[in-house]
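Please read the structure below before turning to the comments.
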Amino acid sequence: LITTSGWLWYSHSRQEVRLSGEAAERKELEQSLRAKDKQIDFYFRKVNELIQTSEDQLVWDMLDSEEYKEILEEYNKQYGYMYEEDIPKTETLGGYRYKVRESITEGYNLLPKYYGWTNVLMSLRTKEFEKVDALFRGNFNDAIPTEEIYGTTEELIDIVNKS
């Protein structure tokens, strides 16, 4: 009886120790999560401040500006003419400048990816089209007849793969 009582007391006290250890771990975890939430809140506020204080205007508000015309000229030298209607209404001049310069740096037109253009004729200078064209050339010893293309890039890829 004494041994059983001692064992029950010992096992009960070990459980309290274990529970207090788990409680301490849980408390530490909660504190670290609160700290991370505070960091996220801080950065979220900081980003919102930057956005609100940014003087970067929408491209559509700046179509007559010299800066827009210079960026468009850079793009046109590399990739041909771009219609203003193809630029999303929410695009900022700074974002447009960055995307055009990144396209020039990378050596292929990234705007179809950025803007979600799916029409094949708008995506002729992308790596995606180049891969499909190379596949077509490899099988048929001819380029994809661009004058007969319509539809999306995805549809063209499916057609070439089936061919």
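Going by the structure tokens order, chains are called A, B, ..., each with residues numbered from 1, while ligands are numbered from 1 in the order shown.
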Using only C-alpha atoms, determine which residues lie at most 10 Å from Leu58 of chain A, disregarding the query and same-chain residues fewer than 5 positions distant; provide the list as a PyMOL selection string.
-> chain A and resi 63+88-96
Neighbour list for Leu135 of chain A as a ChimeraX atom specification, cut-off 10 Å, only C-alpha atoms, skip fewer than 6 positions in-chain | /A:129,141-144,157,160-161
How would the residues just picked look written out with C-alpha atoms as a PDB file, in the first residue's frame?
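As written to disk, part-v5.pdb reads:
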ATOM      1  CA  PHE A 129       6.576  30.864 -77.863  1.00  0.00           C
ATOM      2  CA  ASN A 141      11.378  22.049 -90.716  1.00  0.00           C
ATOM      3  CA  ASP A 142       9.328  25.234 -90.868  1.00  0.00           C
ATOM      4  CA  ALA A 143       8.348  28.083 -88.542  1.00  0.00           C
ATOM      5  CA  ILE A 144       4.866  28.423 -87.111  1.00  0.00           C
ATOM      6  CA  ILE A 157       0.998  24.737 -77.436  1.00  0.00           C
ATOM      7  CA  VAL A 160       1.741  21.867 -81.719  1.00  0.00           C
ATOM      8  CA  ASN A 161       2.004  19.039 -79.193  1.00  0.00           C
TER       9      ASN A 161
END
Mind checking which residues fall within 12 Å of Asn109 of chain A, counting only C-alpha atoms, ignoring those fewer than 2 positions away in the same chain, and posting them as a VMD selection string?
-> chain A and resid 75 to 80 82 99 to 107 111 to 115 117 122 to 130
Using DSSP on the backbone, list every residue of segment 49-114 of chain A that comes out as helix (DSSP H, G or I), and give them as a VMD selection string.
-> chain A and resid 49 to 53 59 to 61 66 to 79 84 to 86 93 to 106 111 to 114
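Counting from atom CA of Leu29 of chain A, the distance to atom CA of Phe42 of chain A is 19.8 Å.
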If DSSP is run on the backbone, what residues of chain A are strand (DSSP E or B)? A reply as a PDB file with N, CA and C atoms, in the first residue's frame would be ideal.
ATOM      1  N   LEU A  58      -0.259  56.458 -62.132  1.00  0.00           N
ATOM      2  CA  LEU A  58      -0.686  55.430 -63.061  1.00  0.00           C
ATOM      3  C   LEU A  58      -0.260  55.802 -64.476  1.00  0.00           C
ATOM      4  N   THR A  92       1.414  51.270 -62.605  1.00  0.00           N
ATOM      5  CA  THR A  92       2.065  52.540 -62.306  1.00  0.00           C
ATOM      6  C   THR A  92       3.213  52.753 -63.281  1.00  0.00           C
ATOM      7  N   ASN A 119      -3.117  36.074 -75.862  1.00  0.00           N
ATOM      8  CA  ASN A 119      -3.182  36.020 -77.310  1.00  0.00           C
ATOM      9  C   ASN A 119      -1.795  35.745 -77.870  1.00  0.00           C
ATOM     10  N   THR A 152      -5.153  31.595 -77.969  1.00  0.00           N
ATOM     11  CA  THR A 152      -4.223  31.783 -76.864  1.00  0.00           C
ATOM     12  C   THR A 152      -2.953  30.974 -77.072  1.00  0.00           C
TER      13      THR A 152
END
Nearest to Val132 of chain A by atom-to-atom distance, counting only C-alpha atoms, from A:Glu154, A:Glu66, A:Asp41, A:Glu73 = A:Glu154
